[in-house]
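Q: One file: coords28.pdb (PDB, C-alpha atoms, pLDDT in the B column).
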```pdb
ATOM      1  CA  MET A   9     139.022  -7.708  32.080  1.00 83.00           C
ATOM      2  CA  GLN A  10     137.379 -10.220  34.426  1.00 85.00           C
ATOM      3  CA  ALA A  11     140.026 -12.844  33.667  1.00 88.00           C
ATOM      4  CA  LEU A  12     142.793 -10.382  34.459  1.00 90.00           C
ATOM      5  CA  ALA A  13     141.121  -9.172  37.660  1.00 89.00           C
ATOM      6  CA  ARG A  14     141.341 -12.698  39.079  1.00 88.00           C
ATOM      7  CA  HIS A  15     145.112 -12.267  39.184  1.00 89.00           C
ATOM      8  CA  LEU A  16     145.138  -9.108  41.294  1.00 87.00           C
ATOM      9  CA  ASP A  17     145.307 -11.126  44.504  1.00 84.00           C
ATOM     10  CA  THR A  18     148.128 -13.526  43.620  1.00 82.00           C
ATOM     11  CA  GLY A  19     150.452 -12.172  46.290  1.00 83.00           C
ATOM     12  CA  SER A  20     153.125 -11.376  43.727  1.00 87.00           C
ATOM     13  CA  GLN A  21     153.661  -7.634  43.406  1.00 88.00           C
ATOM     14  CA  ARG A  22     155.184  -8.071  39.953  1.00 91.00           C
ATOM     15  CA  VAL A  23     152.190 -10.060  38.670  1.00 92.00           C
ATOM     16  CA  THR A  24     149.788  -7.554  40.205  1.00 92.00           C
ATOM     17  CA  GLU A  25     151.637  -4.662  38.598  1.00 91.00           C
ATOM     18  CA  GLU A  26     151.664  -6.296  35.148  1.00 93.00           C
ATOM     19  CA  VAL A  27     147.972  -7.172  35.434  1.00 93.00           C
ATOM     20  CA  LEU A  28     147.155  -3.580  36.382  1.00 92.00           C
ATOM     21  CA  TYR A  29     149.184  -2.154  33.481  1.00 91.00           C
ATOM     22  CA  THR A  30     147.315  -4.449  31.101  1.00 92.00           C
ATOM     23  CA  MET A  31     143.957  -3.619  32.657  1.00 91.00           C
ATOM     24  CA  ARG A  32     144.685   0.095  32.446  1.00 89.00           C
ATOM     25  CA  ASN A  33     145.475  -0.190  28.741  1.00 88.00           C
ATOM     26  CA  LEU A  34     142.402  -2.339  28.079  1.00 88.00           C
ATOM     27  CA  SER A  35     140.164  -0.086  30.156  1.00 85.00           C
ATOM     28  CA  ASN A  36     141.129   2.804  27.923  1.00 77.00           C
ATOM     29  CA  ALA A  37     139.980   0.793  24.901  1.00 78.00           C
ATOM     30  CA  VAL A  38     136.606  -0.151  26.427  1.00 71.00           C
ATOM     31  CA  LYS A  39     135.690   3.112  28.160  1.00 61.00           C
ATOM     32  CA  GLY A  40     132.266   4.361  27.206  1.00 56.00           C
ATOM     33  CA  THR A  41     131.469   1.210  25.221  1.00 59.00           C
ATOM     34  CA  GLY A  42     128.941  -0.109  27.723  1.00 57.00           C
ATOM     35  CA  VAL A  43     131.016  -3.117  28.741  1.00 61.00           C
ATOM     36  CA  ASP A  44     128.981  -4.650  31.528  1.00 63.00           C
ATOM     37  CA  ASN A  45     129.643  -6.723  34.622  1.00 74.00           C
ATOM     38  CA  VAL A  46     132.706  -4.842  35.808  1.00 87.00           C
ATOM     39  CA  ASP A  47     131.341  -4.117  39.303  1.00 89.00           C
ATOM     40  CA  PRO A  48     133.666  -6.646  40.996  1.00 91.00           C
ATOM     41  CA  ILE A  49     136.595  -5.217  39.043  1.00 92.00           C
ATOM     42  CA  LEU A  50     135.799  -1.684  40.198  1.00 94.00           C
ATOM     43  CA  THR A  51     135.741  -2.878  43.801  1.00 94.00           C
ATOM     44  CA  LYS A  52     139.084  -4.663  43.434  1.00 93.00           C
ATOM     45  CA  LEU A  53     140.607  -1.588  41.821  1.00 94.00           C
ATOM     46  CA  MET A  54     139.459   0.567  44.735  1.00 95.00           C
ATOM     47  CA  ASP A  55     140.998  -1.935  47.160  1.00 94.00           C
ATOM     48  CA  VAL A  56     144.367  -1.433  45.455  1.00 93.00           C
ATOM     49  CA  LEU A  57     144.230   2.275  46.374  1.00 94.00           C
ATOM     50  CA  ALA A  58     144.886   1.340  49.998  1.00 92.00           C
ATOM     51  CA  ARG A  59     148.271  -0.158  49.132  1.00 91.00           C
ATOM     52  CA  THR A  60     151.552   1.712  49.423  1.00 91.00           C
ATOM     53  CA  ASN A  61     153.107   0.933  46.027  1.00 93.00           C
ATOM     54  CA  ILE A  62     152.714   4.062  43.896  1.00 95.00           C
ATOM     55  CA  ASN A  63     152.881   2.129  40.615  1.00 94.00           C
ATOM     56  CA  LEU A  64     149.991  -0.096  41.679  1.00 94.00           C
ATOM     57  CA  ILE A  65     147.964   2.880  42.855  1.00 96.00           C
ATOM     58  CA  ALA A  66     148.630   4.846  39.657  1.00 96.00           C
ATOM     59  CA  CYS A  67     147.578   1.946  37.435  1.00 94.00           C
ATOM     60  CA  SER A  68     144.504   1.219  39.508  1.00 95.00           C
ATOM     61  CA  VAL A  69     143.294   4.797  39.510  1.00 96.00           C
ATOM     62  CA  GLY A  70     144.029   5.013  35.782  1.00 94.00           C
ATOM     63  CA  CYS A  71     141.703   2.046  35.259  1.00 94.00           C
ATOM     64  CA  LEU A  72     139.051   3.644  37.461  1.00 95.00           C
ATOM     65  CA  SER A  73     139.298   6.873  35.507  1.00 94.00           C
ATOM     66  CA  ASN A  74     138.905   5.066  32.195  1.00 92.00           C
ATOM     67  CA  LEU A  75     136.062   2.844  33.385  1.00 92.00           C
ATOM     68  CA  THR A  76     134.059   5.713  34.895  1.00 91.00           C
ATOM     69  CA  CYS A  77     134.465   7.942  31.847  1.00 89.00           C
ATOM     70  CA  ASN A  78     131.096   8.180  30.052  1.00 86.00           C
ATOM     71  CA  ASN A  79     129.728   5.151  31.891  1.00 89.00           C
ATOM     72  CA  PRO A  80     126.898   6.066  34.294  1.00 89.00           C
ATOM     73  CA  ASN A  81     126.612   2.540  35.718  1.00 90.00           C
ATOM     74  CA  ASN A  82     130.287   2.411  36.638  1.00 91.00           C
ATOM     75  CA  LYS A  83     130.094   5.891  38.159  1.00 91.00           C
ATOM     76  CA  LYS A  84     127.219   4.799  40.407  1.00 91.00           C
ATOM     77  CA  THR A  85     128.964   1.549  41.295  1.00 93.00           C
ATOM     78  CA  VAL A  86     132.102   3.365  42.428  1.00 94.00           C
ATOM     79  CA  PHE A  87     130.086   5.839  44.471  1.00 92.00           C
ATOM     80  CA  ARG A  88     127.879   3.168  46.074  1.00 92.00           C
ATOM     81  CA  ALA A  89     130.930   1.083  47.001  1.00 93.00           C
ATOM     82  CA  GLY A  90     132.395   3.939  49.036  1.00 91.00           C
ATOM     83  CA  GLY A  91     134.587   5.103  46.194  1.00 91.00           C
ATOM     84  CA  LEU A  92     134.264   8.786  46.979  1.00 90.00           C
ATOM     85  CA  ASP A  93     135.849   8.386  50.411  1.00 91.00           C
ATOM     86  CA  THR A  94     138.452   5.970  49.054  1.00 94.00           C
ATOM     87  CA  LEU A  95     139.417   8.348  46.251  1.00 94.00           C
ATOM     88  CA  LEU A  96     139.564  11.391  48.532  1.00 92.00           C
ATOM     89  CA  ARG A  97     141.688   9.565  51.110  1.00 91.00           C
ATOM     90  CA  CYS A  98     144.051   8.398  48.367  1.00 94.00           C
ATOM     91  CA  LEU A  99     144.245  11.905  46.916  1.00 91.00           C
ATOM     92  CA  LEU A 100     145.150  13.424  50.273  1.00 89.00           C
ATOM     93  CA  GLN A 101     147.918  10.842  50.710  1.00 92.00           C
ATOM     94  CA  ASN A 102     149.293  11.183  47.169  1.00 93.00           C
ATOM     95  CA  GLN A 103     148.488  14.714  46.068  1.00 90.00           C
ATOM     96  CA  ALA A 104     152.124  15.525  45.293  1.00 94.00           C
ATOM     97  CA  ILE A 105     152.452  12.594  42.867  1.00 96.00           C
ATOM     98  CA  PRO A 106     151.153  13.630  39.433  1.00 95.00           C
ATOM     99  CA  SER A 107     150.823  10.062  38.115  1.00 94.00           C
ATOM    100  CA  VAL A 108     148.322   9.417  40.896  1.00 96.00           C
ATOM    101  CA  ALA A 109     146.729  12.821  41.477  1.00 95.00           C
ATOM    102  CA  GLU A 110     145.744  13.510  37.860  1.00 96.00           C
ATOM    103  CA  PRO A 111     143.740  10.315  37.240  1.00 95.00           C
ATOM    104  CA  LEU A 112     142.302  10.564  40.765  1.00 95.00           C
ATOM    105  CA  LEU A 113     140.967  14.028  40.017  1.00 92.00           C
ATOM    106  CA  CYS A 114     139.568  12.806  36.704  1.00 95.00           C
ATOM    107  CA  THR A 115     137.816   9.920  38.438  1.00 95.00           C
ATOM    108  CA  LEU A 116     136.375  12.287  41.035  1.00 92.00           C
ATOM    109  CA  ARG A 117     135.112  14.500  38.224  1.00 91.00           C
ATOM    110  CA  HIS A 118     133.593  11.505  36.447  1.00 92.00           C
ATOM    111  CA  ILE A 119     131.680  10.195  39.455  1.00 91.00           C
ATOM    112  CA  ASN A 120     130.306  13.661  40.248  1.00 89.00           C
ATOM    113  CA  TYR A 121     128.653  14.216  36.876  1.00 86.00           C
ATOM    114  CA  LYS A 122     126.240  12.725  34.327  1.00 80.00           C
ATOM    115  CA  HIS A 123     124.532   9.886  36.156  1.00 78.00           C
ATOM    116  CA  SER A 124     121.250   9.531  38.000  1.00 80.00           C
ATOM    117  CA  GLU A 125     122.819   9.813  41.474  1.00 81.00           C
ATOM    118  CA  TYR A 126     125.188  12.696  40.776  1.00 75.00           C
ATOM    119  CA  GLU A 127     123.407  15.009  43.237  1.00 84.00           C
ATOM    120  CA  GLN A 128     124.019  12.525  46.059  1.00 85.00           C
ATOM    121  CA  THR A 129     127.644  12.228  45.005  1.00 83.00           C
ATOM    122  CA  GLN A 130     128.105  15.993  44.921  1.00 84.00           C
ATOM    123  CA  HIS A 131     126.457  16.368  48.324  1.00 82.00           C
ATOM    124  CA  ALA A 132     128.724  13.681  49.784  1.00 82.00           C
ATOM    125  CA  PHE A 133     131.736  15.458  48.304  1.00 81.00           C
ATOM    126  CA  ARG A 134     130.705  18.852  49.716  1.00 82.00           C
ATOM    127  CA  THR A 135     130.142  17.372  53.177  1.00 83.00           C
ATOM    128  CA  SER A 136     133.292  15.213  53.185  1.00 78.00           C
ATOM    129  CA  GLY A 137     135.381  17.905  54.848  1.00 74.00           C
ATOM    130  CA  VAL A 138     137.997  17.868  52.088  1.00 70.00           C
ATOM    131  CA  LEU A 139     137.047  21.348  50.940  1.00 62.00           C
ATOM    132  CA  THR A 140     137.739  22.929  54.335  1.00 62.00           C
TER     133      THR A 140
END
```
Show this structure as C-alpha coordinates.
A:
Amino acid sequence: MQALARHLDTGSQRVTEEVLYTMRNLSNAVKGTGVDNVDPILTKLMDVLARTNINLIACSVGCLSNLTCNNPNNKKTVFRAGGLDTLLRCLLQNQAIPSVAEPLLCTLRHINYKHSEYEQTQHAFRTSGVLT
(Lines of atoms letter the chains of each structure in order from A and count residues from 1; the text may use other names and numbers.)
(Lines give C-alpha, C1' and ligand atoms only; values in the text may rest on other atoms or scores of the structure.)
Protein backbone atom coordinates (compact mmCIF):
# COMPACT_ATOMS: atom_id res chain seq x y z
CA MET A 1 0.00 0.00 0.00
CA GLN A 2 2.80 2.42 0.89
CA ALA A 3 4.54 1.83 -2.44
CA LEU A 4 1.34 2.56 -4.32
CA ALA A 5 0.57 5.68 -2.27
CA ARG A 6 3.81 7.25 -3.48
CA HIS A 7 2.27 7.41 -6.95
CA LEU A 8 -0.82 9.38 -5.97
CA ASP A 9 0.93 12.68 -6.63
CA THR A 10 2.41 11.95 -10.06
CA GLY A 11 0.33 14.60 -11.79
CA SER A 12 -1.13 12.06 -14.19
CA GLN A 13 -4.85 11.59 -13.59
CA ARG A 14 -4.77 8.19 -15.28
CA VAL A 15 -1.93 6.93 -13.06
CA THR A 16 -3.66 8.31 -9.97
CA GLU A 17 -6.91 6.62 -10.93
CA GLU A 18 -5.23 3.24 -11.55
CA VAL A 19 -3.31 3.50 -8.28
CA LEU A 20 -6.52 4.27 -6.40
CA TYR A 21 -8.38 1.35 -8.00
CA THR A 22 -5.55 -0.96 -6.97
CA MET A 23 -5.39 0.49 -3.47
CA ARG A 24 -9.15 0.13 -3.07
CA ASN A 25 -8.98 -3.54 -4.02
CA LEU A 26 -5.99 -4.17 -1.75
CA SER A 27 -7.54 -2.23 1.12
CA ASN A 28 -10.51 -4.57 0.99
CA ALA A 29 -8.14 -7.52 1.39
CA VAL A 30 -6.28 -6.02 4.38
CA LYS A 31 -9.18 -4.45 6.28
CA GLY A 32 -9.32 -5.52 9.89
CA THR A 33 -6.00 -7.38 9.65
CA GLY A 34 -4.08 -4.87 11.75
CA VAL A 35 -1.87 -3.69 8.90
CA ASP A 36 0.10 -0.87 10.47
CA ASN A 37 1.77 2.32 9.32
CA VAL A 38 -0.98 3.48 7.00
CA ASP A 39 -1.39 6.91 8.62
CA PRO A 40 0.27 8.76 5.70
CA ILE A 41 -1.90 6.80 3.27
CA LEU A 42 -5.07 7.79 5.12
CA THR A 43 -4.05 11.44 4.93
CA LYS A 44 -3.33 11.21 1.20
CA LEU A 45 -6.66 9.49 0.61
CA MET A 46 -8.48 12.29 2.44
CA ASP A 47 -6.64 14.85 0.30
CA VAL A 48 -8.06 13.19 -2.82
CA LEU A 49 -11.59 13.94 -1.55
CA ALA A 50 -11.02 17.61 -2.35
CA ARG A 51 -10.58 16.88 -6.05
CA THR A 52 -13.35 17.15 -8.61
CA ASN A 53 -12.95 13.82 -10.43
CA ILE A 54 -15.74 11.55 -9.19
CA ASN A 55 -13.83 8.36 -10.03
CA LEU A 56 -10.88 9.46 -7.90
CA ILE A 57 -13.16 10.47 -5.05
CA ALA A 58 -15.12 7.20 -5.20
CA CYS A 59 -11.96 5.09 -5.12
CA SER A 60 -10.42 7.13 -2.34
CA VAL A 61 -13.47 6.96 -0.12
CA GLY A 62 -13.76 3.24 -0.88
CA CYS A 63 -10.22 2.80 0.44
CA LEU A 64 -11.03 4.88 3.52
CA SER A 65 -14.11 2.79 4.18
CA ASN A 66 -12.15 -0.44 3.92
CA LEU A 67 -9.23 0.79 6.01
CA THR A 68 -11.42 2.13 8.82
CA CYS A 69 -13.56 -1.00 9.00
CA ASN A 70 -12.71 -2.87 12.23
CA ASN A 71 -9.48 -0.93 12.69
CA PRO A 72 -9.59 1.38 15.74
CA ASN A 73 -6.20 2.95 15.00
CA ASN A 74 -7.20 3.95 11.49
CA LYS A 75 -10.52 5.31 12.76
CA LYS A 76 -8.70 7.55 15.24
CA THR A 77 -6.15 8.61 12.64
CA VAL A 78 -8.87 9.72 10.22
CA PHE A 79 -10.70 11.62 12.94
CA ARG A 80 -7.55 13.29 14.30
CA ALA A 81 -6.50 14.37 10.80
CA GLY A 82 -9.74 16.30 10.32
CA GLY A 83 -11.40 13.46 8.48
CA LEU A 84 -14.84 14.07 9.91
CA ASP A 85 -15.06 17.55 8.39
CA THR A 86 -13.48 16.35 5.14
CA LEU A 87 -15.94 13.46 4.84
CA LEU A 88 -18.97 15.61 5.68
CA ARG A 89 -17.95 18.31 3.19
CA CYS A 90 -17.45 15.66 0.50
CA LEU A 91 -20.80 14.06 1.32
CA LEU A 92 -22.64 17.37 1.01
CA GLN A 93 -21.02 17.97 -2.39
CA ASN A 94 -21.63 14.44 -3.71
CA GLN A 95 -24.71 13.17 -1.92
CA ALA A 96 -26.55 12.43 -5.17
CA ILE A 97 -23.76 10.14 -6.44
CA PRO A 98 -24.24 6.64 -4.99
CA SER A 99 -20.69 5.48 -5.78
CA VAL A 100 -19.43 8.24 -3.50
CA ALA A 101 -22.22 8.64 -0.95
CA GLU A 102 -22.45 4.98 0.08
CA PRO A 103 -18.78 4.46 1.02
CA LEU A 104 -18.72 7.94 2.58
CA LEU A 105 -21.60 7.02 4.86
CA CYS A 106 -19.89 3.73 5.73
CA THR A 107 -16.68 5.56 6.60
CA LEU A 108 -18.60 8.02 8.76
CA ARG A 109 -20.23 5.09 10.53
CA HIS A 110 -16.86 3.42 11.04
CA ILE A 111 -15.15 6.45 12.56
CA ASN A 112 -18.07 7.06 14.93
CA TYR A 113 -17.98 3.64 16.57
CA LYS A 114 -15.75 1.11 18.35
CA HIS A 115 -12.60 3.03 19.19
CA SER A 116 -11.34 4.83 22.27
CA GLU A 117 -12.21 8.31 20.97
CA TYR A 118 -15.64 7.54 19.54
CA GLU A 119 -17.40 9.86 22.01
CA GLN A 120 -15.32 12.80 20.77
CA THR A 121 -16.08 11.83 17.19
CA GLN A 122 -19.80 11.59 17.87
CA HIS A 123 -19.79 14.94 19.66
CA ALA A 124 -17.96 16.56 16.74
CA PHE A 125 -20.50 15.06 14.35
CA ARG A 126 -23.48 16.30 16.39
CA THR A 127 -22.02 19.81 16.59
CA SER A 128 -20.91 19.97 12.95
CA GLY A 129 -24.16 21.56 11.81
CA VAL A 130 -24.80 18.85 9.21
CA LEU A 131 -27.80 17.53 11.12
CA THR A 132 -29.63 20.87 11.04
Q: Pick the closest to A:Asn81 from A:Arg59, A:Lys122, A:Arg134, A:Lys52: which is it, counting all atoms listed in the file?
A: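 Result for the nearest residue to A:Asn81: A:Lys122.
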Q: For A:Ile119, which of A:Arg97, A:Arg88, A:His131, A:Lys83 is the closest residue, counting all atoms listed in the file?
A: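 Looking only at the distances to A:Ile119, the closest residue turns out to be A:Lys83.
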Q: With the file shown as input, list the residues that the PyMOL selection byres ((chain A and resi 92) around 12) selects, as a ChimeraX atom specification.
A: /A:54,57,72,83-91,93-99,112-113,115-120,126,128-136,138
Q: Nearest to A:Gln21: which of A:Asn82, A:Pro48, A:Gly137, A:Leu64 is it, counting all atoms listed in the file?
A: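 Comparing A:Asn82, A:Pro48, A:Gly137, A:Leu64 against A:Gln21, the winner is A:Leu64.
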Q: What is the atom CA of A:Ala37 to atom CA of A:Ser20 distance in Å?
A: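 Computing the Euclidean distance for atom CA of A:Ala37 and atom CA of A:Ser20 yields 26.0 Å.
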Q: With the file shown as input, list the residues that the PyMOL selection byres ((chain A and resi 24) around 12) selects, as a PyMOL selection string.
A: chain A and resi 12-23+25-31+52-53+56+59+61+63-65+67-68
Q: Identify which of the residues A:Thr60, A:Asn36, A:Ser107, A:Asn45 lies closest to A:Asn78, counting all atoms listed in the file when measuring atom-to-atom distances.
A: A:Asn36
Q: Measure the distance from atom CA of A:Asn102 to atom CA of A:Ala11 in Å and round it to one decimal.
A: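 Computing the Euclidean distance for atom CA of A:Asn102 and atom CA of A:Ala11 yields 29.1 Å.
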Q: In Å to one decimal, how far is atom CA of A:His123 from atom CA of A:Pro80?
A: 4.9 Å
Q: With N, CA, C and O atoms as the goal, would you fill in the gaps in stretch 58-75 of chain A and present it as an mmCIF file, in the frame of the given file?
A:
```cif
data_model
loop_
_atom_site.group_PDB
_atom_site.id
_atom_site.type_symbol
_atom_site.label_atom_id
_atom_site.label_comp_id
_atom_site.auth_asym_id
_atom_site.auth_seq_id
_atom_site.Cartn_x
_atom_site.Cartn_y
_atom_site.Cartn_z
ATOM 1 N N ALA A 58 144.439 1.347 48.604
ATOM 2 C CA ALA A 58 144.886 1.340 49.998
ATOM 3 C C ALA A 58 146.324 0.826 50.142
ATOM 4 O O ALA A 58 146.897 0.893 51.227
ATOM 5 N N ARG A 59 146.894 0.347 49.076
ATOM 6 C CA ARG A 59 148.271 -0.158 49.132
ATOM 7 C C ARG A 59 149.269 1.002 49.151
ATOM 8 O O ARG A 59 148.897 2.154 48.948
ATOM 9 N N THR A 60 150.531 0.668 49.333
ATOM 10 C CA THR A 60 151.552 1.712 49.423
ATOM 11 C C THR A 60 152.399 1.840 48.163
ATOM 12 O O THR A 60 153.132 2.815 48.022
ATOM 13 N N ASN A 61 152.313 0.887 47.251
ATOM 14 C CA ASN A 61 153.107 0.933 46.027
ATOM 15 C C ASN A 61 152.492 1.930 45.052
ATOM 16 O O ASN A 61 151.376 1.741 44.568
ATOM 17 N N ILE A 62 153.223 2.980 44.749
ATOM 18 C CA ILE A 62 152.714 4.062 43.896
ATOM 19 C C ILE A 62 152.384 3.563 42.493
ATOM 20 O O ILE A 62 151.400 4.007 41.893
ATOM 21 N N ASN A 63 153.173 2.651 41.952
ATOM 22 C CA ASN A 63 152.881 2.129 40.615
ATOM 23 C C ASN A 63 151.540 1.403 40.585
ATOM 24 O O ASN A 63 150.767 1.546 39.636
ATOM 25 N N LEU A 64 151.265 0.613 41.609
ATOM 26 C CA LEU A 64 149.991 -0.096 41.679
ATOM 27 C C LEU A 64 148.827 0.887 41.808
ATOM 28 O O LEU A 64 147.795 0.741 41.144
ATOM 29 N N ILE A 65 149.015 1.883 42.650
ATOM 30 C CA ILE A 65 147.964 2.880 42.855
ATOM 31 C C ILE A 65 147.712 3.654 41.561
ATOM 32 O O ILE A 65 146.562 3.858 41.163
ATOM 33 N N ALA A 66 148.776 4.070 40.892
ATOM 34 C CA ALA A 66 148.630 4.846 39.657
ATOM 35 C C ALA A 66 147.901 4.037 38.580
ATOM 36 O O ALA A 66 147.026 4.569 37.891
ATOM 37 N N CYS A 67 148.255 2.785 38.433
ATOM 38 C CA CYS A 67 147.578 1.946 37.435
ATOM 39 C C CYS A 67 146.121 1.725 37.801
ATOM 40 O O CYS A 67 145.234 1.787 36.945
ATOM 41 N N SER A 68 145.873 1.471 39.062
ATOM 42 C CA SER A 68 144.504 1.219 39.508
ATOM 43 C C SER A 68 143.613 2.434 39.293
ATOM 44 O O SER A 68 142.505 2.326 38.767
ATOM 45 N N VAL A 69 144.098 3.591 39.668
ATOM 46 C CA VAL A 69 143.294 4.797 39.510
ATOM 47 C C VAL A 69 143.163 5.173 38.034
ATOM 48 O O VAL A 69 142.150 5.726 37.613
ATOM 49 N N GLY A 70 144.155 4.819 37.224
ATOM 50 C CA GLY A 70 144.029 5.013 35.782
ATOM 51 C C GLY A 70 142.904 4.167 35.201
ATOM 52 O O GLY A 70 142.122 4.630 34.363
ATOM 53 N N CYS A 71 142.812 2.927 35.671
ATOM 54 C CA CYS A 71 141.703 2.046 35.259
ATOM 55 C C CYS A 71 140.368 2.629 35.698
ATOM 56 O O CYS A 71 139.401 2.658 34.919
ATOM 57 N N LEU A 72 140.303 3.071 36.951
ATOM 58 C CA LEU A 72 139.051 3.644 37.461
ATOM 59 C C LEU A 72 138.639 4.866 36.646
ATOM 60 O O LEU A 72 137.463 5.044 36.327
ATOM 61 N N SER A 73 139.602 5.694 36.305
ATOM 62 C CA SER A 73 139.298 6.873 35.507
ATOM 63 C C SER A 73 138.730 6.466 34.152
ATOM 64 O O SER A 73 137.708 6.999 33.703
ATOM 65 N N ASN A 74 139.376 5.520 33.500
ATOM 66 C CA ASN A 74 138.905 5.066 32.195
ATOM 67 C C ASN A 74 137.521 4.421 32.281
ATOM 68 O O ASN A 74 136.656 4.669 31.443
ATOM 69 N N LEU A 75 137.321 3.591 33.289
ATOM 70 C CA LEU A 75 136.062 2.844 33.385
ATOM 71 C C LEU A 75 134.883 3.707 33.836
ATOM 72 O O LEU A 75 133.730 3.336 33.606
#
```
